[in-house]
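Data file: coords.cif. Format and content: mmCIF, C-alpha atoms.
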```cif
data_coords
#
loop_
_atom_site.group_PDB
_atom_site.id
_atom_site.type_symbol
_atom_site.label_atom_id
_atom_site.label_comp_id
_atom_site.auth_asym_id
_atom_site.auth_seq_id
_atom_site.Cartn_x
_atom_site.Cartn_y
_atom_site.Cartn_z
ATOM 1 C CA MET A 1 53.047 -75.445 132.089
ATOM 2 C CA LYS A 2 50.412 -76.867 129.738
ATOM 3 C CA LYS A 3 48.090 -73.954 130.541
ATOM 4 C CA LEU A 4 50.794 -71.466 129.650
ATOM 5 C CA ILE A 5 51.428 -73.109 126.274
ATOM 6 C CA LEU A 6 47.691 -73.231 125.471
ATOM 7 C CA LEU A 7 47.233 -69.561 126.385
ATOM 8 C CA THR A 8 50.155 -68.540 124.210
ATOM 9 C CA GLY A 9 48.733 -70.459 121.178
ATOM 10 C CA MET A 10 45.328 -68.851 121.541
ATOM 11 C CA LEU A 11 46.960 -65.417 121.621
ATOM 12 C CA LEU A 12 48.889 -66.105 118.399
ATOM 13 C CA MET A 13 45.733 -67.273 116.581
ATOM 14 C CA MET A 14 43.847 -64.093 117.521
ATOM 15 C CA THR A 15 46.724 -61.897 116.252
ATOM 16 C CA ALA A 16 46.813 -63.702 112.862
ATOM 17 C CA LYS A 17 43.049 -63.357 112.450
ATOM 18 C CA SER A 18 43.318 -59.616 113.099
ATOM 19 C CA VAL A 19 46.058 -59.171 110.441
ATOM 20 C CA PHE A 20 44.319 -61.077 107.599
ATOM 21 C CA ALA A 21 40.767 -59.776 108.259
ATOM 22 C CA SER A 22 38.974 -57.834 105.303
ATOM 23 C CA PRO A 23 39.033 -54.016 105.562
ATOM 24 C CA VAL A 24 35.836 -52.471 106.781
ATOM 25 C CA ALA A 25 33.785 -50.729 104.013
ATOM 26 C CA PRO A 26 33.192 -47.024 104.677
ATOM 27 C CA LYS A 27 29.732 -46.005 105.703
ATOM 28 C CA PHE A 28 27.811 -43.477 103.520
ATOM 29 C CA GLU A 29 25.567 -40.924 105.095
ATOM 30 C CA PRO A 30 22.030 -40.898 103.719
ATOM 31 C CA SER A 31 22.598 -37.434 102.125
ATOM 32 C CA GLU A 32 25.550 -38.690 100.014
ATOM 33 C CA ARG A 33 23.629 -41.506 98.341
ATOM 34 C CA MET A 34 22.154 -41.017 94.779
ATOM 35 C CA ALA A 35 18.847 -42.539 93.861
ATOM 36 C CA ALA A 36 18.676 -44.808 90.821
ATOM 37 C CA ALA A 37 16.229 -42.419 89.059
ATOM 38 C CA GLU A 38 18.725 -39.534 89.427
ATOM 39 C CA ILE A 39 21.518 -41.634 87.925
ATOM 40 C CA THR A 40 19.366 -42.480 84.873
ATOM 41 C CA GLN A 41 18.428 -38.804 84.329
ATOM 42 C CA THR A 42 22.071 -37.691 84.520
ATOM 43 C CA VAL A 43 23.230 -40.277 81.987
ATOM 44 C CA ASN A 44 20.437 -39.472 79.450
ATOM 45 C CA THR A 45 20.828 -35.664 79.607
ATOM 46 C CA PRO A 46 23.110 -34.374 76.738
ATOM 47 C CA VAL A 47 26.024 -32.228 77.727
ATOM 48 C CA THR A 48 25.556 -28.646 76.415
ATOM 49 C CA SER A 49 28.150 -25.944 76.763
ATOM 50 C CA ALA A 50 27.195 -22.498 77.909
ATOM 51 C CA LEU A 51 28.163 -21.001 74.506
ATOM 52 C CA VAL A 52 25.857 -23.315 72.611
ATOM 53 C CA ALA A 53 23.030 -22.756 75.036
ATOM 54 C CA LYS A 54 23.134 -18.974 74.450
ATOM 55 C CA GLN A 55 22.985 -19.160 70.641
ATOM 56 C CA GLU A 56 19.801 -18.059 68.858
ATOM 57 C CA PRO A 57 18.002 -20.731 66.809
ATOM 58 C CA ILE A 58 18.935 -20.531 63.102
ATOM 59 C CA GLU A 59 15.939 -19.869 60.899
ATOM 60 C CA PRO A 60 15.972 -21.543 57.456
ATOM 61 C CA THR A 61 16.549 -18.983 54.698
ATOM 62 C CA SER A 62 14.430 -19.085 51.566
ATOM 63 C CA VAL A 63 16.376 -19.226 48.305
ATOM 64 C CA THR A 64 14.904 -17.039 45.556
ATOM 65 C CA PRO A 65 15.523 -18.567 42.129
ATOM 66 C CA ALA A 66 17.298 -16.359 39.641
ATOM 67 C CA PRO A 67 14.959 -14.816 37.044
ATOM 68 C CA VAL A 68 14.813 -16.759 33.805
ATOM 69 C CA ALA A 69 15.496 -14.662 30.721
ATOM 70 C CA LYS A 70 12.549 -14.478 28.386
ATOM 71 C CA LEU A 71 13.383 -16.036 25.059
ATOM 72 C CA GLU A 72 12.673 -14.017 21.932
ATOM 73 C CA PRO A 73 10.213 -15.617 19.494
ATOM 74 C CA ILE A 74 11.638 -17.025 16.249
ATOM 75 C CA GLU A 75 9.291 -17.256 13.247
ATOM 76 C CA ARG A 76 9.917 -18.754 9.829
ATOM 77 C CA MET A 77 9.374 -16.256 6.997
ATOM 78 C CA SER A 78 7.644 -18.750 4.730
ATOM 79 C CA THR A 79 6.198 -16.089 2.412
ATOM 80 C CA SER A 80 7.673 -12.917 0.944
ATOM 81 C CA GLU A 81 5.674 -10.712 3.283
ATOM 82 C CA ILE A 82 5.314 -10.335 7.039
ATOM 83 C CA ARG A 83 2.108 -8.773 8.394
ATOM 84 C CA ALA A 84 2.162 -8.864 12.165
ATOM 85 C CA THR A 85 1.699 -7.032 15.453
ATOM 86 C CA ILE A 86 4.428 -7.599 18.049
ATOM 87 C CA ASN A 87 5.132 -6.390 21.593
ATOM 88 C CA GLN A 88 8.718 -7.648 21.903
ATOM 89 C CA PRO A 89 11.743 -8.205 19.660
ATOM 90 C CA THR A 90 11.024 -11.040 17.220
ATOM 91 C CA THR A 91 13.333 -12.819 14.773
ATOM 92 C CA TYR A 92 12.182 -13.974 11.330
ATOM 93 C CA ILE A 93 14.319 -16.448 9.384
ATOM 94 C CA PHE A 94 14.498 -17.349 5.703
ATOM 95 C CA GLU A 95 16.844 -19.240 3.386
ATOM 96 C CA GLY A 96 19.075 -17.264 1.038
ATOM 97 C CA VAL A 97 21.419 -18.173 -1.820
ATOM 98 C CA LYS A 98 24.831 -16.569 -2.291
ATOM 99 C CA GLY A 99 24.900 -13.861 -4.961
ATOM 100 C CA ARG A 100 21.130 -13.409 -5.130
ATOM 101 C CA GLU A 101 19.896 -9.832 -4.877
ATOM 102 C CA LEU A 102 17.533 -9.086 -2.000
ATOM 103 C CA THR A 103 15.265 -6.116 -1.341
ATOM 104 C CA LEU A 104 13.972 -5.781 2.228
ATOM 105 C CA SER A 105 11.317 -3.054 2.546
ATOM 106 C CA LEU A 106 9.202 -1.704 5.393
ATOM 107 C CA TRP A 107 6.165 -0.127 3.744
ATOM 108 C CA ALA A 108 3.965 0.252 6.823
ATOM 109 C CA GLY A 109 4.533 0.469 10.549
ATOM 110 C CA LYS A 110 7.094 1.805 12.976
ATOM 111 C CA LEU A 111 9.985 -0.463 13.994
ATOM 112 C CA THR A 112 13.643 -1.357 13.488
ATOM 113 C CA ALA A 113 14.536 -4.375 11.338
ATOM 114 C CA GLN A 114 18.126 -5.672 11.328
ATOM 115 C CA LEU A 115 19.318 -8.151 8.690
ATOM 116 C CA TYR A 116 21.944 -10.771 9.689
ATOM 117 C CA SER A 117 23.824 -13.210 7.480
ATOM 118 C CA PRO A 118 24.214 -16.925 8.405
ATOM 119 C CA ASN A 119 27.591 -16.211 10.043
ATOM 120 C CA GLY A 120 26.121 -13.401 12.181
ATOM 121 C CA GLN A 121 27.250 -10.359 10.175
ATOM 122 C CA ASN A 122 24.935 -7.327 10.448
ATOM 123 C CA LEU A 123 24.185 -6.452 6.818
ATOM 124 C CA GLY A 124 21.977 -3.423 7.392
ATOM 125 C CA VAL A 125 19.033 -1.776 9.148
ATOM 126 C CA VAL A 126 15.576 -0.759 7.967
ATOM 127 C CA ASP A 127 13.982 1.621 10.477
ATOM 128 C CA LYS A 128 11.392 3.743 8.677
ATOM 129 C CA SER A 129 8.610 3.210 6.191
ATOM 130 C CA ASP A 130 10.407 4.923 3.282
ATOM 131 C CA ASN A 131 13.627 2.962 3.796
ATOM 132 C CA GLN A 132 14.788 -0.369 2.361
ATOM 133 C CA TRP A 133 17.853 -2.587 2.193
ATOM 134 C CA ILE A 134 19.058 -3.684 -1.234
ATOM 135 C CA GLY A 135 22.100 -5.881 -1.762
ATOM 136 C CA GLN A 136 23.546 -9.206 -2.813
ATOM 137 C CA LEU A 137 23.568 -12.032 -0.292
ATOM 138 C CA PRO A 138 27.195 -12.803 0.705
ATOM 139 C CA GLU A 139 26.648 -16.530 1.371
ATOM 140 C CA SER A 140 24.120 -19.334 1.258
ATOM 141 C CA GLY A 141 22.289 -20.334 4.428
ATOM 142 C CA ILE A 142 19.706 -19.150 6.942
ATOM 143 C CA TYR A 143 19.340 -15.364 7.203
ATOM 144 C CA ARG A 144 17.719 -13.585 10.153
ATOM 145 C CA VAL A 145 15.633 -10.415 10.317
ATOM 146 C CA ARG A 146 15.385 -9.188 13.933
ATOM 147 C CA VAL A 147 12.391 -6.866 14.287
ATOM 148 C CA THR A 148 12.173 -4.538 17.309
ATOM 149 C CA PRO A 149 8.968 -2.526 17.911
ATOM 150 C CA LYS A 150 9.154 1.189 18.660
ATOM 151 C CA GLY A 151 6.787 1.478 21.590
ATOM 152 C CA GLU A 152 4.860 -1.143 23.544
ATOM 153 C CA THR A 153 3.422 -2.715 20.397
ATOM 154 C CA SER A 154 3.953 -2.296 16.675
ATOM 155 C CA ALA A 155 1.896 -3.422 13.692
ATOM 156 C CA PHE A 156 3.877 -3.552 10.463
ATOM 157 C CA VAL A 157 4.240 -4.925 6.954
ATOM 158 C CA LEU A 158 7.743 -6.016 5.950
ATOM 159 C CA GLU A 159 8.411 -7.145 2.384
ATOM 160 C CA ARG A 160 11.197 -9.491 1.282
ATOM 161 C CA ASP A 161 11.779 -9.770 -2.446
ATOM 162 C CA PHE A 162 14.527 -11.223 -4.599
ATOM 163 C CA ASN A 163 15.449 -9.295 -7.749
ATOM 164 C CA ALA A 164 12.901 -6.582 -6.926
ATOM 165 C CA LYS A 165 13.465 -2.912 -6.131
ATOM 166 C CA TRP A 166 10.676 -1.040 -4.397
ATOM 167 C CA THR A 167 10.270 2.651 -5.102
ATOM 168 C CA TYR A 168 8.331 5.280 -3.164
ATOM 169 C CA ARG A 169 6.451 7.911 -5.066
ATOM 170 C CA PRO A 170 6.299 11.430 -3.590
ATOM 171 C CA ASP A 171 3.460 12.056 -1.146
ATOM 172 C CA ARG A 172 0.238 13.079 -2.893
ATOM 173 C CA ALA A 173 -2.511 15.031 -1.127
ATOM 174 C CA LEU A 174 -6.056 13.752 -1.519
ATOM 175 C CA PRO A 175 -8.223 16.384 -3.240
ATOM 176 C CA ILE A 176 -11.076 16.479 -0.729
ATOM 177 C CA ALA A 177 -13.080 19.628 -1.482
ATOM 178 C CA TYR A 178 -14.208 21.961 1.285
ATOM 179 C CA GLY A 179 -17.370 20.622 2.892
ATOM 180 C CA GLU A 180 -16.907 17.175 1.323
ATOM 181 C CA THR A 181 -16.008 13.961 3.187
ATOM 182 C CA GLU A 182 -14.481 11.858 0.402
ATOM 183 C CA ALA A 183 -12.425 11.971 -2.775
ATOM 184 C CA THR A 184 -11.404 9.609 -5.580
ATOM 185 C CA VAL A 185 -8.043 9.475 -7.373
ATOM 186 C CA ARG A 186 -6.955 7.415 -10.358
ATOM 187 C CA LEU A 187 -3.545 5.772 -10.215
ATOM 188 C CA LYS A 188 -1.374 4.064 -12.798
ATOM 189 C CA MET A 189 1.425 2.232 -11.012
ATOM 190 C CA SER A 190 4.356 0.080 -12.045
ATOM 191 C CA GLY A 191 5.338 -3.049 -10.175
ATOM 192 C CA TYR A 192 6.953 -2.655 -6.745
ATOM 193 C CA GLN A 193 5.735 0.905 -6.228
ATOM 194 C CA ILE A 194 4.239 2.559 -3.158
ATOM 195 C CA GLN A 195 2.089 5.679 -3.410
ATOM 196 C CA PRO A 196 1.407 7.564 -0.138
ATOM 197 C CA LEU A 197 -1.807 9.643 -0.149
ATOM 198 C CA THR A 198 -2.025 12.253 2.613
ATOM 199 C CA VAL A 199 -5.311 13.250 4.227
ATOM 200 C CA PRO A 200 -6.079 15.371 7.332
ATOM 201 C CA GLY A 201 -8.085 13.712 10.067
ATOM 202 C CA LYS A 202 -9.435 14.448 13.537
ATOM 203 C CA GLN A 203 -9.440 12.212 16.582
ATOM 204 C CA GLY A 204 -12.529 9.983 16.615
ATOM 205 C CA GLN A 205 -13.152 10.143 12.867
ATOM 206 C CA THR A 206 -12.970 7.075 10.609
ATOM 207 C CA ILE A 207 -10.993 6.711 7.380
ATOM 208 C CA THR A 208 -12.308 4.187 4.842
ATOM 209 C CA VAL A 209 -10.288 3.171 1.756
ATOM 210 C CA ASN A 210 -11.575 1.207 -1.257
ATOM 211 C CA ALA A 211 -9.598 0.308 -4.402
ATOM 212 C CA SER A 212 -11.315 -0.771 -7.620
ATOM 213 C CA ASN A 213 -8.499 -3.294 -8.234
ATOM 214 C CA LYS A 214 -8.236 -5.853 -5.440
ATOM 215 C CA ASN A 215 -4.661 -6.734 -6.428
ATOM 216 C CA LEU A 216 -3.518 -3.618 -4.567
ATOM 217 C CA ASP A 217 -2.546 -3.609 -0.901
ATOM 218 C CA VAL A 218 -3.784 -0.574 1.054
ATOM 219 C CA ALA A 219 -2.886 0.591 4.534
ATOM 220 C CA ILE A 220 -3.531 3.504 6.915
ATOM 221 C CA GLU A 221 -0.677 5.038 8.888
ATOM 222 C CA SER A 222 -1.087 7.528 11.756
ATOM 223 C CA PRO A 223 0.792 10.866 12.026
ATOM 224 C CA SER A 224 3.157 9.193 14.530
ATOM 225 C CA GLY A 225 3.931 6.344 12.109
ATOM 226 C CA GLN A 226 1.767 3.600 13.619
ATOM 227 C CA LEU A 227 0.080 1.148 11.240
ATOM 228 C CA LEU A 228 -3.629 1.261 12.063
ATOM 229 C CA ASP A 229 -4.948 -1.247 9.531
ATOM 230 C CA GLN A 230 -4.138 -2.858 6.177
ATOM 231 C CA GLY A 231 -5.855 -5.124 3.703
ATOM 232 C CA GLU A 232 -6.200 -6.232 0.092
ATOM 233 C CA GLY A 233 -8.173 -3.639 -1.855
ATOM 234 C CA GLN A 234 -9.879 -2.114 1.183
ATOM 235 C CA THR A 235 -9.322 -1.058 4.782
ATOM 236 C CA PHE A 236 -10.625 1.314 7.467
ATOM 237 C CA ALA A 237 -9.559 2.651 10.863
ATOM 238 C CA GLN A 238 -10.777 4.926 13.647
ATOM 239 C CA LEU A 239 -8.367 7.813 14.162
ATOM 240 C CA PRO A 240 -6.591 7.946 17.562
ATOM 241 C CA GLU A 241 -5.297 11.522 17.145
ATOM 242 C CA SER A 242 -5.642 14.635 15.027
ATOM 243 C CA GLY A 243 -3.145 15.290 12.255
ATOM 244 C CA THR A 244 -2.109 14.256 8.752
ATOM 245 C CA TYR A 245 -2.605 10.566 7.961
ATOM 246 C CA LYS A 246 -1.094 8.488 5.145
ATOM 247 C CA VAL A 247 -3.050 6.078 2.982
ATOM 248 C CA LEU A 248 -0.450 3.738 1.448
ATOM 249 C CA ILE A 249 -1.218 2.168 -1.929
ATOM 250 C CA VAL A 250 1.128 -0.781 -2.660
ATOM 251 C CA ALA A 251 1.449 -2.370 -6.114
ATOM 252 C CA ASN A 252 3.288 -5.669 -6.547
ATOM 253 C CA ARG A 253 2.721 -5.559 -10.308
ATOM 254 C CA PRO A 254 1.744 -2.939 -12.936
ATOM 255 C CA VAL A 255 -1.835 -1.882 -12.291
ATOM 256 C CA LYS A 256 -4.453 0.820 -12.931
ATOM 257 C CA SER A 257 -6.962 1.536 -10.212
ATOM 258 C CA SER A 258 -9.344 4.095 -8.741
ATOM 259 C CA ILE A 259 -8.892 4.789 -5.021
ATOM 260 C CA ARG A 260 -11.785 6.221 -3.002
ATOM 261 C CA VAL A 261 -10.982 7.607 0.447
ATOM 262 C CA ALA A 262 -13.670 8.800 2.876
ATOM 263 C CA VAL A 263 -13.164 10.657 6.169
ATOM 264 C CA ARG A 264 -16.217 10.860 8.427
#
```

Step by step, read the file and then write its structure as structure tokens.
Amino acid sequence: MKKLILLTGMLLMMTAKSVFASPVAPKFEPSERMAAAEITQTVNTPVTSALVAKQEPIEPTSVTPAPVAKLEPIERMSTSEIRATINQPTTYIFEGVKGRELTLSLWAGKLTAQLYSPNGQNLGVVDKSDNQWIGQLPESGIYRVRVTPKGETSAFVLERDFNAKWTYRPDRALPIAYGETEATVRLKMSGYQIQPLTVPGKQGQTITVNASNKNLDVAIESPSGQLLDQGEGQTFAQLPESGTYKVLIVANRPVKSSIRVAVR
């Protein structure tokens, strides 16, 4: 009887041990295991979609700066006369008083000069050597004369006078006799007068002008209207073309003078 009870107890203990035992961990085949180095590589590799992988690399584009507009020069007209050579539009400024009469004259050169009042009103245009603007200034302030060359460059003489009226005498031919190379004329001129003397010339020759009175301005203008040279009492220039040239005699005051012109 005791043996039977002991056998039954042993059987019950074995059954309980079987029920509460830990489950058996599954066995991995060698081919299913991942090495530690492979795990590290997988974690550190960024995920890239197929669409991104197929895209071409974007090249940086160069940005071309917009061209900067060239500013026009602005010069102060500190004297009553401008003698200059320009290759672009240039603005000259001066101070004017309301009601004062102004004469703006171009007596040598080839260009367009536009006169503007302080408030921007276009008062008039001077565009040839026998033209001038005469009028009363409408207001006090800074006036502008915008000069634009005709051609790549332009040499010119522009006169600004208050209470003065320039007059052009008719063209006068120089009396150079046949076979001679020079001639002399005597002039009696009032103030603010311009006397053009015409003379034929050939390309490559030189015109030389001398005035006995150095208070006269003299200039040489080509057949196409270009100012070749100018000076006080004397000037000279080599001729760039064949044709009729103008020797301009300019008197700021009453004067008598002999003018000798040579063409060689």

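Shortest separation to A:Ser80 among A:Val218, A:Val126, A:Asn252, A:Ser117 occurs at residue A:Asn252, atoms counted being all atoms listed in the file.
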
Let me have the centre and edge lengths in Å, one decimal, of the box along x, y and z around every listed atom of stretch 220-223 of chain A with 6 Å of margin on each side, as AutoDock Vina command-line options.
```
--center_x -1.4 --center_y 7.2 --center_z 9.5 --size_x 16.3 --size_y 19.4 --size_z 17.1
```

Fill in: Sel. within 12 Å of pt (4.7, -17.5, 2.7), counting only C-alpha atoms, output as a PyMOL selection string
chain A and resi 75-83+92-94+159-161

Worksheet item: Hey, what comes out of the PyMOL selection byres ((chain A and resi 203) around 8) on this file? Could you write it as a list of chain:residue names?
Response: A:Gly201, A:Lys202, A:Gly204, A:Gln205, A:Gln238, A:Leu239, A:Pro240, A:Glu241, A:Ser242

Worksheet entry | Among the residues A:Ile207, A:Ala113, A:Val199, A:Leu216, the one that comes closest to A:Arg264 [using only C-alpha atoms] | A:Ile207

Practice prompt. Write out as a PyMOL selection string which residues come within 6 Å of stretch 253-256 of chain A when counting all atoms listed in the file, dropping same-chain ones fewer than 2 positions away.
Written response: chain A and resi 187-191+251

Discussion item. I'd like the interatomic distance between atom CA of A:Ser105 and atom CA of A:Pro170, to a tenth of an Å.
Written reply: 16.5 Å

Item to complete: I would like the residues chosen by the PyMOL selection byres ((chain A and resi 246) around 8) on the shown file; could you give them as a ChimeraX atom specification?
Response: /A:196-199,220-223,244-245,247-248

Worksheet entry | atom CA of A:Gly141 to atom CA of A:Arg100, distance in Å rounded to a single decimal |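 Pair atom CA of A:Gly141 / atom CA of A:Arg100 returns 11.9 Å.
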
Worksheet entry | All residues 9 Å or closer to A:Phe236, all atoms listed in the file, same chain fewer than 5 positions away omitted, as a PyMOL selection string | chain A and resi 206-210+219-220+228-231

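With atom CA of A:Trp166 on one side and atom CA of A:Pro149 on the other, the separation reads 22.4 Å.
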
Worksheet item: With all atoms listed in the file as the atoms that count, which of A:Gln193, A:Asn163, A:Ser212, A:Thr148 lies nearest to A:Trp107?
Response: A:Gln193

Please return stretch 179-189 of chain A, rebuilt to all heavy atoms, as a PDB file, keeping the file's coordinate frame.
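Below you can see rebuild-v2.pdb, which holds the result:
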```pdb
ATOM      1  N   GLY A 179     -16.005  21.051   2.611  1.00  0.00           N
ATOM      2  CA  GLY A 179     -17.370  20.622   2.892  1.00  0.00           C
ATOM      3  C   GLY A 179     -17.649  19.194   2.470  1.00  0.00           C
ATOM      4  O   GLY A 179     -18.721  18.652   2.788  1.00  0.00           O
ATOM      5  N   GLU A 180     -16.731  18.557   1.748  1.00  0.00           N
ATOM      6  CA  GLU A 180     -16.907  17.175   1.323  1.00  0.00           C
ATOM      7  C   GLU A 180     -16.212  16.227   2.301  1.00  0.00           C
ATOM      8  O   GLU A 180     -15.326  16.621   3.075  1.00  0.00           O
ATOM      9  CB  GLU A 180     -16.350  16.961  -0.080  1.00  0.00           C
ATOM     10  CG  GLU A 180     -17.030  17.795  -1.159  1.00  0.00           C
ATOM     11  CD  GLU A 180     -18.477  17.376  -1.379  1.00  0.00           C
ATOM     12  OE1 GLU A 180     -18.780  16.171  -1.192  1.00  0.00           O
ATOM     13  OE2 GLU A 180     -19.302  18.233  -1.739  1.00  0.00           O
ATOM     14  N   THR A 181     -16.596  14.950   2.271  1.00  0.00           N
ATOM     15  CA  THR A 181     -16.008  13.961   3.187  1.00  0.00           C
ATOM     16  C   THR A 181     -15.232  12.873   2.473  1.00  0.00           C
ATOM     17  O   THR A 181     -14.650  12.007   3.130  1.00  0.00           O
ATOM     18  CB  THR A 181     -17.113  13.304   4.040  1.00  0.00           C
ATOM     19  OG1 THR A 181     -18.057  12.668   3.158  1.00  0.00           O
ATOM     20  CG2 THR A 181     -17.820  14.341   4.899  1.00  0.00           C
ATOM     21  N   GLU A 182     -15.216  12.903   1.112  1.00  0.00           N
ATOM     22  CA  GLU A 182     -14.481  11.858   0.402  1.00  0.00           C
ATOM     23  C   GLU A 182     -13.956  12.387  -0.929  1.00  0.00           C
ATOM     24  O   GLU A 182     -14.362  13.448  -1.415  1.00  0.00           O
ATOM     25  CB  GLU A 182     -15.350  10.631   0.171  1.00  0.00           C
ATOM     26  CG  GLU A 182     -16.543  10.867  -0.747  1.00  0.00           C
ATOM     27  CD  GLU A 182     -17.333   9.591  -0.973  1.00  0.00           C
ATOM     28  OE1 GLU A 182     -17.844   9.015   0.012  1.00  0.00           O
ATOM     29  OE2 GLU A 182     -17.426   9.171  -2.146  1.00  0.00           O
ATOM     30  N   ALA A 183     -13.013  11.616  -1.484  1.00  0.00           N
ATOM     31  CA  ALA A 183     -12.425  11.971  -2.775  1.00  0.00           C
ATOM     32  C   ALA A 183     -11.964  10.697  -3.458  1.00  0.00           C
ATOM     33  O   ALA A 183     -11.687   9.678  -2.803  1.00  0.00           O
ATOM     34  CB  ALA A 183     -11.266  12.935  -2.604  1.00  0.00           C
ATOM     35  N   THR A 184     -11.856  10.753  -4.795  1.00  0.00           N
ATOM     36  CA  THR A 184     -11.404   9.609  -5.580  1.00  0.00           C
ATOM     37  C   THR A 184     -10.241  10.034  -6.464  1.00  0.00           C
ATOM     38  O   THR A 184     -10.293  11.100  -7.100  1.00  0.00           O
ATOM     39  CB  THR A 184     -12.544   9.065  -6.463  1.00  0.00           C
ATOM     40  OG1 THR A 184     -13.635   8.655  -5.620  1.00  0.00           O
ATOM     41  CG2 THR A 184     -12.072   7.871  -7.276  1.00  0.00           C
ATOM     42  N   VAL A 185      -9.191   9.204  -6.516  1.00  0.00           N
ATOM     43  CA  VAL A 185      -8.043   9.475  -7.373  1.00  0.00           C
ATOM     44  C   VAL A 185      -7.817   8.254  -8.250  1.00  0.00           C
ATOM     45  O   VAL A 185      -8.107   7.122  -7.854  1.00  0.00           O
ATOM     46  CB  VAL A 185      -6.774   9.788  -6.549  1.00  0.00           C
ATOM     47  CG1 VAL A 185      -6.946  11.068  -5.764  1.00  0.00           C
ATOM     48  CG2 VAL A 185      -6.427   8.625  -5.635  1.00  0.00           C
ATOM     49  N   ARG A 186      -7.283   8.505  -9.449  1.00  0.00           N
ATOM     50  CA  ARG A 186      -6.955   7.415 -10.358  1.00  0.00           C
ATOM     51  C   ARG A 186      -5.440   7.266 -10.395  1.00  0.00           C
ATOM     52  O   ARG A 186      -4.715   8.248 -10.539  1.00  0.00           O
ATOM     53  CB  ARG A 186      -7.510   7.701 -11.757  1.00  0.00           C
ATOM     54  CG  ARG A 186      -9.019   7.712 -11.804  1.00  0.00           C
ATOM     55  CD  ARG A 186      -9.529   7.938 -13.243  1.00  0.00           C
ATOM     56  NE  ARG A 186     -10.974   7.952 -13.290  1.00  0.00           N
ATOM     57  CZ  ARG A 186     -11.749   6.880 -13.366  1.00  0.00           C
ATOM     58  NH1 ARG A 186     -11.190   5.663 -13.412  1.00  0.00           N
ATOM     59  NH2 ARG A 186     -13.046   6.974 -13.409  1.00  0.00           N
ATOM     60  N   LEU A 187      -4.977   6.025 -10.262  1.00  0.00           N
ATOM     61  CA  LEU A 187      -3.545   5.772 -10.215  1.00  0.00           C
ATOM     62  C   LEU A 187      -3.151   4.765 -11.288  1.00  0.00           C
ATOM     63  O   LEU A 187      -3.870   3.800 -11.537  1.00  0.00           O
ATOM     64  CB  LEU A 187      -3.129   5.225  -8.834  1.00  0.00           C
ATOM     65  CG  LEU A 187      -3.336   6.140  -7.627  1.00  0.00           C
ATOM     66  CD1 LEU A 187      -2.945   5.395  -6.355  1.00  0.00           C
ATOM     67  CD2 LEU A 187      -2.550   7.417  -7.763  1.00  0.00           C
ATOM     68  N   LYS A 188      -2.004   5.020 -11.901  1.00  0.00           N
ATOM     69  CA  LYS A 188      -1.374   4.064 -12.798  1.00  0.00           C
ATOM     70  C   LYS A 188      -0.001   3.784 -12.212  1.00  0.00           C
ATOM     71  O   LYS A 188       0.855   4.675 -12.155  1.00  0.00           O
ATOM     72  CB  LYS A 188      -1.257   4.630 -14.206  1.00  0.00           C
ATOM     73  CG  LYS A 188      -0.612   3.662 -15.197  1.00  0.00           C
ATOM     74  CD  LYS A 188      -0.507   4.280 -16.593  1.00  0.00           C
ATOM     75  CE  LYS A 188       0.159   3.325 -17.565  1.00  0.00           C
ATOM     76  NZ  LYS A 188       0.287   3.912 -18.930  1.00  0.00           N
ATOM     77  N   MET A 189       0.216   2.543 -11.762  1.00  0.00           N
ATOM     78  CA  MET A 189       1.425   2.232 -11.012  1.00  0.00           C
ATOM     79  C   MET A 189       2.187   1.089 -11.669  1.00  0.00           C
ATOM     80  O   MET A 189       1.590   0.159 -12.230  1.00  0.00           O
ATOM     81  CB  MET A 189       1.076   1.867  -9.559  1.00  0.00           C
ATOM     82  CG  MET A 189       0.334   2.972  -8.822  1.00  0.00           C
ATOM     83  SD  MET A 189      -0.146   2.510  -7.144  1.00  0.00           S
ATOM     84  CE  MET A 189       1.462   2.380  -6.362  1.00  0.00           C
TER      85      MET A 189
END
```
